[in-house]
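Below: the structure, in structure tokens.
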Protein chains: 2
Amino acid sequence: MRKPFLFLILAMALGTLGLGSTLLAADDAVAAEPETLSAADFEQAENLYFDRCSGCHGTLRKGATGPNITDEKMLKKSLAELETMIFDGTDAGMPGWGRTGELDKAQTTLLAKFLQLPPPIPPEWGMKDIKGTHKIHTPVAERPVKPEHKRNIDNEFGVILRDAGQGAIIDGDTKKLVGIVDTGYAVHIFRVSATGRYFYTIGRDGKVSLIDNFADKPKVVAETRACLDARSVEVSKYKGPKGDFNDTYAVVGCYWPPQMVVLDGKSLEPLKIISTRSNTYDTNEYHPEPRVATIVASHHDTEWVVAIKETGMVWLVDYEDLDNLKITQIETERFLHDGGFDATGRYLLIAANMRDQMAVIDLQEKKFVTKFETGVKPHPGRGANWVDPVYGPVSATTHLGEGKITVYGSDPEGHPQHAWKVLYEEDTAGPGLFLKTHPNSKYIWTDSTLAKDEGDNQKVCVFEKANFKKGAKCWQVADHGKVVHFEYNKKGDEVWISVWDNDGEMIIYNDKTLKEKKRINEDWMRTPTGKWNIYNTVHDIY
Amino acid sequence: MRKPFLFLILAMALGTLGLGSTLLAADDAVAAEPETLSAADFEQAENLYFDRCSGCHGTLRKGATGPNITDEKMLKKSLAELETMIFDGTDAGMPGWGRTGELDKAQTTLLAKFLQLPPPIPPEWGMKDIKGTHKIHTPVAERPVKPEHKRNIDNEFGVILRDAGQGAIIDGDTKKLVGIVDTGYAVHIFRVSATGRYFYTIGRDGKVSLIDNFADKPKVVAETRACLDARSVEVSKYKGPKGDFNDTYAVVGCYWPPQMVVLDGKSLEPLKIISTRSNTYDTNEYHPEPRVATIVASHHDTEWVVAIKETGMVWLVDYEDLDNLKITQIETERFLHDGGFDATGRYLLIAANMRDQMAVIDLQEKKFVTKFETGVKPHPGRGANWVDPVYGPVSATTHLGEGKITVYGSDPEGHPQHAWKVLYEEDTAGPGLFLKTHPNSKYIWTDSTLAKDEGDNQKVCVFEKANFKKGAKCWQVADHGKVVHFEYNKKGDEVWISVWDNDGEMIIYNDKTLKEKKRINEDWMRTPTGKWNIYNTVHDIY
């Protein structure tokens with residue numbers, strides 16, 4: 001009866017630090033011998049991979065928005081083939097990094113060689129590491145108890161200055177720069193605490209910066225490196241019978257290590273790490289790198305709605321009691337990316353972009369509702385909600401893979417016959433990243449940032465809520481850079497649009513007349529991407 | 001502002017299968033060069049480690065009930081030191097495997113060398129692997145709709161025949177063997193479906209066997225290998241407003257991979273894998289091997305209460321909706337092992353044995369209550385509950401590390417002043433594994449299986465509920481093997497005790513008179529360890 005337990009001995013040999021130059025592949029496991037790299041080249045390649053590739057393909061290269069590109073697969077291609085792919089991009093939607101000037105020939109070759117070597121496994125980043133990076137520049141007790149200024153905080157904007165590793169705070173009323181703060185590397189988003197007092201930024205390097213909007217000159221009052229690679233940060237927004245959690249917590253969604261980190265909302269003191277390592281929803285295989293994509297804070301419960309990309313799960317993480325933590329793990333679809341609420345806040349509409357689908361989660365019942373195809377790689381950002389004259393409340397997404405906006409019903413109570421069904425599909429100026437509207441606006445704005453032709457990627461398209469099927473009015477708003485991302489002012493009568501360029505601009509449109517109102521394009525406006533109005537961000541107005 | 005992202009290149013080199021002989025340690029990371037092993041020796045050592053060491057030290061050797069023994073640490077000791085430790089045991093409680101005859105000198109040397117080499121990382125075992133092992137020998141439709149026999153199923157016993165890889169079913173009324181079935185390797189426990197119809201066994205090799213008690217001759221009607229290393233299996237026991245979950249699910253707690261596997265209760269079809277890879281409750285570090293120790297099914301809710309050993313968390317896994325799975329993760333204490341309910345079923349009392357503590361979880365409030373010291377390495381099995389004349393409802397544990405039974409209050413509603421406080425400590429005949437009682441019994445029985453002196457490990461001790469502080473009456477019940485584990489019959493007037501030996505025995509005592517009633521010691525009674533009465537197991541009577 002003895003059933004011997006035979007472990008498969010997997011890839012087990014001790015390495016030394018900086019071993020890039022001595023990595024060897026086993027003869028019988030791969031198709032070809034990879035070229036070796038010097039430690040310096042390996043490190044450079046690692047940084048290039050982090051900057052250009054890991055977002056879509058994953059740190060361990062197992063694929064997400066981009067396909068699996070592990071070394072076993074890459075060794076089946078020639079170096080020349082890989083170089084062409086990296087330099088020119090692919091029809092499947094991969095950018096041509098050489099073509100767009102991001103990588104030169106030598107970097108392309110280096111990256112191709114790197115891809116044929118096993119991926120370096122990044123280290124863990126636990127509580128001790130995080131605490132080691134935690135800095136309180138201004139303790140809570142030393143912060144002002146009321147604003148030190150007369151600005152209208154509700155209408156301030158936080159603007160990413162991406163390549164500068166900075167954030168700019170702009171007064172939405174006067175359009176004047178209030179201040180610039182240093183943040184993490186290549187900041188991804190701003191979020192706002194529930195009272196509007198604090199901005200939080202998250203860098204791609206996992207660094208969270210807390211900015212006090214009460215200060216006359218906005219400044220970083222605390223910072224923590226919660227991860228080694230990150231994209232999302234969110235706050236606690238619940239106030240009700242369970243307690244007042246406004247400004248209580250922040251939560252960081254990490255790409256690496258695959259985890260969430262709960263921080264004190266006012267000091268950024270790290271409180272708890274929640275691992276996301278788990279199994280895929282469909283094949284039930286263990287995935288070593290389930291990354292945290294978007295996080296949205298419920299207004300109706302003590303819950304963060306967390307998209308776990310690679311496993312295709314939405315986790316509802318209840319922050320009411322961190323020591324006895326309730327998580328509801330909802331099977332959804334791979335590979336989850338971005339999304340937001342419907343107009344009521346009851347439903348989460350989230351893109352499974354590599355499955356060309358939007359998925360719907362009922363946050364009241366805490367369960368999956370449905371999913372449906374919308375187009376090639378939906379990418380709604382937070383999405384856009386409005387009332388269609390024919391179909392009632394609807395929501396929409398743009399797409400990374402095609403120039404299309406897709407509109408679907410999102411009112412299962414009032415209009416069950418249209419709920420979660422595609423109602424309109426209309427062309428935009430090209431594959432894009434974002435769309436936006438506001439309850440006070442007659443329009444929906446879309447970008448076409450990923451359009452291949454220069455010019456098209458500088459356009460915006462505007463649809464009329466009252467007559468959507470009429471199609472878009474599109475025009476070019478800049479003659480340089482890439483045009484990306486929209487944000488309304490608090491009143492909902494202005495739209496802010498970024499020109500993503502070293503000589504960046506913020507173009508402000510009158511939303512009623514669709515006429516340009518102002519451009520902010522001083523020297524400091526370097527590589528602006530996303531921007532967030534405080535009031536709209538707190539209240540999830542989109 | 002550029003903050004380069006530098007991955008620490010960790011232990012990254014491709015290996016080939018069966019690489020034992022070529023494992024090399026990096027010069028700068030360790031104190032000495034380990035000896036190499038041939039592939040055959042490496043495999044033998046791996047099996048020895050699995051059999052004798054991994055339970056306490058973990059597959060990756062990071063420690064649990066035993067200390068961390070990773071290769072970096074082992075290289076700081078000489079081979080001779082390691083051999084002595086393995087052969088003679090330690091004062092800290094490690095068994096002397098040579099002394100007890102389990103390992104010879106050559107095996108001891110081999111194991112010492114193995115410990116100085118990096119641990120082989122076992123493979124994953126996902127849904128596809130599990131499905132590949134799933135066999136239905138008798139489909140549900142072909143099973144009898146009522147018992148094919150006149151036996152009293154409620155009073156049948158499932159008995160582990162450990163080294164035979166078998167389970168014996170014994171008629172508790174007649175004490176006659178009903179049948180023997182082949183099970184997994186070194187079966188750890190039996191569990192019973194909520195209706196009493198099915199026995200489930202779990203082998204250390206992760207194999208679950210489903211035994212139909214309606215069959216005239218009990219037989220394995222389905223089997224599945226849910227893990228590569230396992231200790232626990234449990235069933236769904238809830239029947240109430242949420243539905244009837246009797247006999248609906250089984251759940252396997254794996255040691256490796258660190259996961260739970262939910263199976264269909266009647267077919268053992270694998271339904272869902274839930275990874276337990278997560279962070280420790282205290283230091284918040286990622287742990288690669290959080291093993292599932294005991295699992296207990298709530299009678300009051302659709303919940304499995306799951307002890308995650310290395311992280312020190314109790315997870316309440318709600319099986320009402322597997323696709324939208326709710327888990328409450330309760331911070332408790334490291335390293336969780338075994339436990340059971342209080343008399344009401346509201347509280348879980350669980351041993352954190354390396355912390356010398358018992359922890360209390362409130363399953364109604366779904367939160368941690370308290371923890372308290374009881375002695376050296378508490379090990380209650382399911383525990384024992386009775387009403388003390390002075391203190392009211394109490395519960396108790398024995399200890400792996402000392403010959404002591406500790407009794408504590410477990411009635412926070414009726415006797416809050418005594419709740420979760422140690423009330424009695426009395427000597428047993430030596431360090432032991434189990435204690436047991438029954439609501440109809442006047443006594444509590446304890447074993448002393450781990451006593452070092454031959455004779456002492458063949459004793460049982462009996463305490464009187466009515467006069468606990470009088471101390472134990474102890475006597476030797478066998479002159480061979482080790483005496484271990486108790487189970488009552490359904491009426492609670494008989495106690496069954498195992499003599500764990502190749503020439504094993506099941507000794508049955510009259511619980512009222514404390515006189516021996518019968519010995520079952522036919523040839524087939526090989527290495528009996530645990531045994532479970534169907535009625536008592538279904539209803540958690542202890």
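Just remember, in the structure tokens the first chain shown is A, the second B, etc., residues are 1-based per chain, and ligands are 1-based in the order shown.
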
Excluding same-chain residues fewer than 4 positions from Lys517 in chain B, what lies within 7 Å of it counting only C-alpha atoms, as a tab-separated table (two decimals) with C-alpha atoms, in the first residue's frame?
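Done, and the output landed in selection_39.tsv:
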chain	number	residue	atom	x	y	z
B	508	ILE	CA	-12.79	-1.61	24.76
B	509	TYR	CA	-13.58	-0.47	28.29
B	510	ASN	CA	-16.84	-0.32	30.12

Near-range 312-328 of chain B list (7 Å; only C-alpha atoms; drop same-chain fewer than 6 positions) as a list in words:
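Close residues of range 312-328 of chain B: Asn324, Leu325, Lys326, Ile327, Thr328, Gln329, Ile330, Glu331 and Lys367 of chain A; Thr280, Tyr281, Thr302, Glu303, Trp304, Val305, Val306, Arg334, Phe335 and Leu336 of chain B.
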
Return as a ChimeraX atom specification the full set of residues in range 352-421 of chain A whose backbone-based DSSP assignment is strand (DSSP E).
/A:352,357-362,367-373,378-388,392-399,404-409

May I have the residues from that selection written out with N, CA, C and O atoms, as a compact mmCIF listing (two decimals), in the first residue's frame?
# COMPACT_ATOMS: atom_id res chain seq x y z
N ALA A 352 -12.90 43.02 -18.22
CA ALA A 352 -11.98 41.87 -18.34
C ALA A 352 -11.38 42.03 -19.73
O ALA A 352 -11.87 41.46 -20.69
N GLN A 357 -14.67 41.66 -22.53
CA GLN A 357 -15.94 41.68 -21.82
C GLN A 357 -15.98 42.70 -20.69
O GLN A 357 -14.95 43.06 -20.12
N MET A 358 -17.20 43.13 -20.39
CA MET A 358 -17.47 43.85 -19.16
C MET A 358 -18.20 42.88 -18.24
O MET A 358 -19.06 42.11 -18.68
N ALA A 359 -17.85 42.93 -16.96
CA ALA A 359 -18.50 42.06 -15.98
C ALA A 359 -19.24 42.94 -14.98
O ALA A 359 -18.83 44.07 -14.71
N VAL A 360 -20.30 42.41 -14.43
CA VAL A 360 -21.16 43.16 -13.51
C VAL A 360 -21.21 42.44 -12.17
O VAL A 360 -21.48 41.23 -12.11
N ILE A 361 -20.94 43.18 -11.10
CA ILE A 361 -20.99 42.65 -9.75
C ILE A 361 -22.06 43.42 -8.98
O ILE A 361 -22.09 44.65 -9.04
N ASP A 362 -22.91 42.70 -8.28
CA ASP A 362 -23.92 43.34 -7.43
C ASP A 362 -23.34 43.47 -6.03
O ASP A 362 -23.14 42.48 -5.33
N LYS A 367 -22.54 39.49 -5.16
CA LYS A 367 -22.34 38.38 -6.08
C LYS A 367 -22.24 38.84 -7.54
O LYS A 367 -22.66 39.95 -7.88
N PHE A 368 -21.71 37.94 -8.31
CA PHE A 368 -21.60 38.13 -9.75
C PHE A 368 -22.99 38.20 -10.37
O PHE A 368 -23.86 37.41 -10.00
N VAL A 369 -23.18 39.11 -11.34
CA VAL A 369 -24.46 39.19 -12.03
C VAL A 369 -24.35 38.59 -13.43
O VAL A 369 -25.02 37.63 -13.77
N THR A 370 -23.47 39.17 -14.24
CA THR A 370 -23.35 38.69 -15.62
C THR A 370 -22.09 39.30 -16.24
O THR A 370 -21.42 40.12 -15.63
N LYS A 371 -21.79 38.87 -17.45
CA LYS A 371 -20.73 39.50 -18.23
C LYS A 371 -21.15 39.46 -19.69
O LYS A 371 -21.92 38.59 -20.09
N PHE A 372 -20.62 40.41 -20.47
CA PHE A 372 -21.05 40.49 -21.87
C PHE A 372 -19.95 41.13 -22.69
O PHE A 372 -19.17 41.95 -22.20
N GLU A 373 -19.88 40.76 -23.96
CA GLU A 373 -18.85 41.30 -24.87
C GLU A 373 -19.19 42.73 -25.28
O GLU A 373 -20.35 43.05 -25.54
N PRO A 378 -12.02 46.23 -23.76
CA PRO A 378 -12.68 47.38 -23.15
C PRO A 378 -11.80 48.02 -22.08
O PRO A 378 -11.06 47.33 -21.37
N HIS A 379 -11.86 49.35 -21.97
CA HIS A 379 -11.05 50.08 -21.00
C HIS A 379 -11.85 51.32 -20.61
O HIS A 379 -11.71 52.39 -21.21
N PRO A 380 -12.72 51.17 -19.61
CA PRO A 380 -13.62 52.28 -19.29
C PRO A 380 -13.02 53.33 -18.36
O PRO A 380 -13.66 54.36 -18.15
N GLY A 381 -11.81 53.11 -17.81
CA GLY A 381 -11.43 53.95 -16.67
C GLY A 381 -12.48 53.70 -15.60
O GLY A 381 -12.80 52.55 -15.31
N ARG A 382 -13.05 54.75 -15.02
CA ARG A 382 -14.17 54.55 -14.10
C ARG A 382 -15.48 54.35 -14.84
O ARG A 382 -16.48 53.97 -14.26
N GLY A 383 -15.49 54.64 -16.15
CA GLY A 383 -16.72 54.50 -16.91
C GLY A 383 -17.48 55.81 -17.02
O GLY A 383 -16.97 56.87 -16.64
N ALA A 384 -18.67 55.73 -17.58
CA ALA A 384 -19.52 56.92 -17.74
C ALA A 384 -20.96 56.46 -17.62
O ALA A 384 -21.34 55.43 -18.18
N ASN A 385 -21.76 57.20 -16.83
CA ASN A 385 -23.16 56.86 -16.60
C ASN A 385 -24.03 58.03 -17.00
O ASN A 385 -23.74 59.18 -16.66
N TRP A 386 -25.11 57.78 -17.71
CA TRP A 386 -26.07 58.84 -18.02
C TRP A 386 -27.43 58.21 -18.29
O TRP A 386 -27.56 56.99 -18.28
N VAL A 387 -28.41 59.06 -18.54
CA VAL A 387 -29.76 58.56 -18.83
C VAL A 387 -30.03 58.75 -20.31
O VAL A 387 -30.00 59.88 -20.83
N ASP A 388 -30.24 57.65 -20.99
CA ASP A 388 -30.55 57.70 -22.41
C ASP A 388 -32.06 57.92 -22.58
O ASP A 388 -32.84 57.34 -21.84
N GLY A 392 -33.16 54.59 -20.87
CA GLY A 392 -33.02 54.86 -19.45
C GLY A 392 -31.55 54.87 -19.05
O GLY A 392 -30.66 55.09 -19.89
N PRO A 393 -31.25 54.62 -17.75
CA PRO A 393 -29.87 54.69 -17.29
C PRO A 393 -28.97 53.71 -18.04
O PRO A 393 -29.29 52.52 -18.13
N VAL A 394 -27.88 54.24 -18.57
CA VAL A 394 -26.92 53.43 -19.32
C VAL A 394 -25.51 53.74 -18.84
O VAL A 394 -25.28 54.72 -18.12
N SER A 395 -24.59 52.88 -19.23
CA SER A 395 -23.17 53.08 -18.95
C SER A 395 -22.39 52.71 -20.20
O SER A 395 -22.95 52.13 -21.13
N ALA A 396 -21.08 53.07 -20.21
CA ALA A 396 -20.34 52.87 -21.46
C ALA A 396 -18.85 52.64 -21.21
O ALA A 396 -18.34 52.93 -20.13
N THR A 397 -18.21 52.10 -22.24
CA THR A 397 -16.75 51.94 -22.21
C THR A 397 -16.15 52.27 -23.57
O THR A 397 -16.81 52.13 -24.60
N THR A 398 -14.89 52.71 -23.54
CA THR A 398 -14.08 52.76 -24.76
C THR A 398 -13.26 51.46 -24.83
O THR A 398 -13.41 50.58 -23.98
N HIS A 399 -12.38 51.36 -25.82
CA HIS A 399 -11.63 50.12 -26.03
C HIS A 399 -10.18 50.42 -26.38
O HIS A 399 -9.91 51.36 -27.13
N LYS A 404 -13.90 52.43 -30.62
CA LYS A 404 -15.34 52.21 -30.47
C LYS A 404 -15.78 52.50 -29.04
O LYS A 404 -15.10 52.12 -28.08
N ILE A 405 -16.92 53.16 -28.93
CA ILE A 405 -17.56 53.29 -27.63
C ILE A 405 -18.79 52.39 -27.64
O ILE A 405 -19.52 52.32 -28.63
N THR A 406 -18.95 51.64 -26.57
CA THR A 406 -20.07 50.70 -26.46
C THR A 406 -20.91 51.11 -25.26
O THR A 406 -20.38 51.35 -24.18
N VAL A 407 -22.22 51.19 -25.47
CA VAL A 407 -23.15 51.66 -24.45
C VAL A 407 -24.09 50.52 -24.07
O VAL A 407 -24.59 49.81 -24.96
N TYR A 408 -24.30 50.30 -22.77
CA TYR A 408 -25.15 49.19 -22.31
C TYR A 408 -26.07 49.67 -21.20
O TYR A 408 -25.73 50.59 -20.44
N GLY A 409 -27.20 49.01 -21.08
CA GLY A 409 -28.15 49.35 -20.03
C GLY A 409 -27.60 49.01 -18.66
O GLY A 409 -26.92 48.00 -18.49

Excluding range 493-495 of chain B and any residue of its chain fewer than 4 positions from it, enumerate the residues within 7 Å of it, using only C-alpha atoms, and give them as a compact mmCIF listing (two decimals) with C-alpha atoms, in the first residue's frame.
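Result saved to part.txt:
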# COMPACT_ATOMS: atom_id res chain seq x y z
CA SER B 441 -19.82 9.62 31.02
CA PHE B 486 -10.14 7.36 22.51
CA GLU B 487 -13.59 7.10 21.08
CA TYR B 488 -16.92 6.47 22.77
CA ASN B 489 -19.72 4.35 21.43
CA ILE B 508 -12.79 -1.61 24.76
CA TYR B 509 -13.58 -0.47 28.29
CA ASN B 510 -16.84 -0.32 30.12
CA ASP B 511 -16.92 3.39 30.91
CA LYS B 512 -19.12 2.94 33.96

Taking the backbone alone, and naming residues the way the document does, which bits of range 331-484 of chain A are helix (DSSP H, G or I) by DSSP, as a list in words?
Asn353, Met354, Arg355, Asp456, Asn457, Gln458, Lys465, Ala466, Asn467, Phe468, Lys469 and Lys470 of chain A

Exercise: Val462 in chain A partners within 12 Å, only C-alpha atoms, chain neighbours under 2 positions left out, as a PyMOL selection string
chain A and resi 405+426-429+435-437+441-448+459-460+464-465+467-476+486+495+509+511-514

Skipping near chain neighbours, those fewer than 6 positions away, what residues fall within 12 Å of Asp173 in chain A using only C-alpha atoms, listed as a short mmCIF file (atom, residue, chain, number, x, y, z; two decimals) with all heavy atoms, in the first residue's frame?
data_model
loop_
_atom_site.label_atom_id
_atom_site.label_comp_id
_atom_site.auth_asym_id
_atom_site.auth_seq_id
_atom_site.Cartn_x
_atom_site.Cartn_y
_atom_site.Cartn_z
N LYS A 150 -7.91 80.23 1.35
CA LYS A 150 -9.33 80.50 1.02
C LYS A 150 -9.75 79.78 -0.26
O LYS A 150 -10.82 80.06 -0.80
CB LYS A 150 -9.53 82.02 0.84
CG LYS A 150 -9.19 82.85 2.05
CD LYS A 150 -10.27 82.71 3.11
CE LYS A 150 -9.96 83.58 4.33
NZ LYS A 150 -10.64 83.08 5.54
N ARG A 151 -8.86 78.92 -0.78
CA ARG A 151 -9.20 78.25 -2.03
C ARG A 151 -10.42 77.33 -1.85
O ARG A 151 -10.71 76.86 -0.76
CB ARG A 151 -8.01 77.42 -2.53
CG ARG A 151 -6.80 78.23 -2.91
CD ARG A 151 -5.74 77.37 -3.58
NE ARG A 151 -5.31 76.25 -2.74
CZ ARG A 151 -4.29 76.29 -1.87
NH1 ARG A 151 -3.60 77.42 -1.69
NH2 ARG A 151 -3.97 75.23 -1.19
N ASN A 152 -11.08 77.07 -2.96
CA ASN A 152 -12.22 76.16 -2.98
C ASN A 152 -11.69 74.73 -3.15
O ASN A 152 -11.47 74.27 -4.28
CB ASN A 152 -13.13 76.58 -4.15
CG ASN A 152 -14.29 75.63 -4.32
OD1 ASN A 152 -14.55 74.78 -3.47
ND2 ASN A 152 -14.98 75.78 -5.45
N ILE A 153 -11.45 74.07 -2.03
CA ILE A 153 -10.79 72.76 -2.09
C ILE A 153 -11.57 71.79 -2.99
O ILE A 153 -10.99 71.03 -3.76
CB ILE A 153 -10.61 72.18 -0.67
CG1 ILE A 153 -9.57 72.98 0.10
CG2 ILE A 153 -10.18 70.71 -0.74
CD1 ILE A 153 -9.31 72.50 1.51
N ASP A 154 -12.88 71.84 -2.89
CA ASP A 154 -13.71 70.92 -3.69
C ASP A 154 -13.40 70.96 -5.18
O ASP A 154 -13.61 69.98 -5.89
CB ASP A 154 -15.20 71.31 -3.53
CG ASP A 154 -15.85 70.57 -2.37
OD1 ASP A 154 -15.15 69.80 -1.68
OD2 ASP A 154 -17.05 70.79 -2.15
N ASN A 155 -12.95 72.11 -5.64
CA ASN A 155 -12.70 72.23 -7.09
C ASN A 155 -11.21 72.26 -7.43
O ASN A 155 -10.82 72.66 -8.51
CB ASN A 155 -13.41 73.47 -7.66
CG ASN A 155 -13.58 73.38 -9.17
OD1 ASN A 155 -13.79 72.28 -9.70
ND2 ASN A 155 -13.48 74.50 -9.86
N GLU A 156 -10.39 71.79 -6.49
CA GLU A 156 -8.97 71.65 -6.84
C GLU A 156 -8.77 70.37 -7.64
O GLU A 156 -9.55 69.41 -7.53
CB GLU A 156 -8.11 71.63 -5.57
CG GLU A 156 -8.02 73.01 -4.93
CD GLU A 156 -7.00 73.11 -3.81
OE1 GLU A 156 -6.40 72.07 -3.44
OE2 GLU A 156 -6.81 74.22 -3.29
N PHE A 157 -7.71 70.37 -8.43
CA PHE A 157 -7.37 69.22 -9.27
C PHE A 157 -5.97 68.73 -8.89
O PHE A 157 -5.06 69.54 -8.68
CB PHE A 157 -7.33 69.60 -10.76
CG PHE A 157 -8.67 69.80 -11.40
CD1 PHE A 157 -9.48 70.89 -11.05
CD2 PHE A 157 -9.14 68.92 -12.36
CE1 PHE A 157 -10.72 71.08 -11.66
CE2 PHE A 157 -10.38 69.11 -12.98
CZ PHE A 157 -11.17 70.19 -12.62
N ASN A 489 -14.79 69.68 -13.95
CA ASN A 489 -14.75 70.48 -12.72
C ASN A 489 -15.96 70.09 -11.85
O ASN A 489 -16.81 69.30 -12.27
CB ASN A 489 -14.75 71.98 -13.05
CG ASN A 489 -16.03 72.40 -13.74
OD1 ASN A 489 -16.76 71.56 -14.27
ND2 ASN A 489 -16.29 73.71 -13.76
N LYS A 490 -16.03 70.65 -10.66
CA LYS A 490 -17.09 70.25 -9.73
C LYS A 490 -18.48 70.54 -10.31
O LYS A 490 -19.39 69.72 -10.20
CB LYS A 490 -16.92 71.00 -8.40
CG LYS A 490 -17.98 70.57 -7.39
CD LYS A 490 -17.93 71.37 -6.10
CE LYS A 490 -19.14 71.01 -5.23
NZ LYS A 490 -19.28 71.89 -4.07
N LYS A 491 -18.64 71.72 -10.93
CA LYS A 491 -19.95 72.09 -11.47
C LYS A 491 -20.36 71.25 -12.67
O LYS A 491 -21.53 71.19 -13.03
CB LYS A 491 -19.94 73.57 -11.91
CG LYS A 491 -20.26 74.56 -10.81
CD LYS A 491 -20.19 76.00 -11.31
CE LYS A 491 -21.39 76.37 -12.19
NZ LYS A 491 -21.28 77.80 -12.63
N ASP A 493 -19.29 71.87 -15.79
CA ASP A 493 -19.42 72.67 -17.01
C ASP A 493 -18.08 72.92 -17.70
O ASP A 493 -17.99 73.71 -18.63
CB ASP A 493 -20.14 74.01 -16.72
CG ASP A 493 -19.41 74.88 -15.70
OD1 ASP A 493 -18.27 74.52 -15.31
OD2 ASP A 493 -19.98 75.91 -15.28
N GLU A 494 -17.05 72.24 -17.23
CA GLU A 494 -15.72 72.33 -17.86
C GLU A 494 -15.13 70.93 -17.97
O GLU A 494 -15.26 70.13 -17.04
CB GLU A 494 -14.75 73.08 -16.93
CG GLU A 494 -14.63 74.53 -17.14
CD GLU A 494 -13.71 75.13 -16.07
OE1 GLU A 494 -12.98 74.37 -15.38
OE2 GLU A 494 -13.76 76.35 -15.91
N ILE A 508 -8.56 73.13 -21.39
CA ILE A 508 -9.83 73.19 -20.68
C ILE A 508 -10.93 73.66 -21.64
O ILE A 508 -10.81 74.72 -22.25
CB ILE A 508 -9.72 74.12 -19.46
CG1 ILE A 508 -8.62 73.59 -18.53
CG2 ILE A 508 -11.05 74.22 -18.72
CD1 ILE A 508 -8.22 74.55 -17.43
N ASN A 533 -10.45 65.80 -10.10
CA ASN A 533 -11.12 66.86 -9.36
C ASN A 533 -11.52 66.30 -7.99
O ASN A 533 -12.04 65.18 -7.90
CB ASN A 533 -12.37 67.29 -10.13
CG ASN A 533 -13.23 68.25 -9.34
OD1 ASN A 533 -14.07 67.83 -8.55
ND2 ASN A 533 -13.02 69.54 -9.54
#

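CA of Glu223 in chain A to CA of Lys135 in chain A spans 5.3 Å [interatomic distance, one decimal].
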
Computed interatomic separation between CA of Ala222 in chain A and CA of Tyr286 in chain B (Å):
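Distance reported for this atom pair: 25.0 Å.
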
Can you list, as a ChimeraX atom specification, every protein, DNA or RNA residue that comes within 12 Å of Asp244 in chain B when you count only C-alpha atoms, leaving out same-chain residues fewer than 4 positions away?
/B:194-195,236-240,248-249,299-302,319-320

Please, what distance in Å, to one decimal, runs between CA of Leu37 in chain A and CA of Thr108 in chain A?
13.8 Å

Residues near Leu75 in chain A, cut-off 9 Å, only C-alpha atoms, skip fewer than 2 positions along chain, as a PyMOL selection string
chain A and resi 30-34+70-73+77-79+115-117

Could you list, with a cut-off of 12 Å and counting only C-alpha atoms, the residues of range 272-375 of chain A near range 178-190 of chain A, each shown with its nearest atom pair and the distance in Å rounded to one decimal, rows sorted by chain and ascending number, as a Markdown table?
| residue | atom | partner | partner_atom | distance |
| --- | --- | --- | --- | --- |
| A:Ala293 | CA | A:His188 | CA | 11.5 |
| A:Thr294 | CA | A:Ile189 | CA | 10.4 |
| A:Ile295 | CA | A:Ile189 | CA | 11.4 |
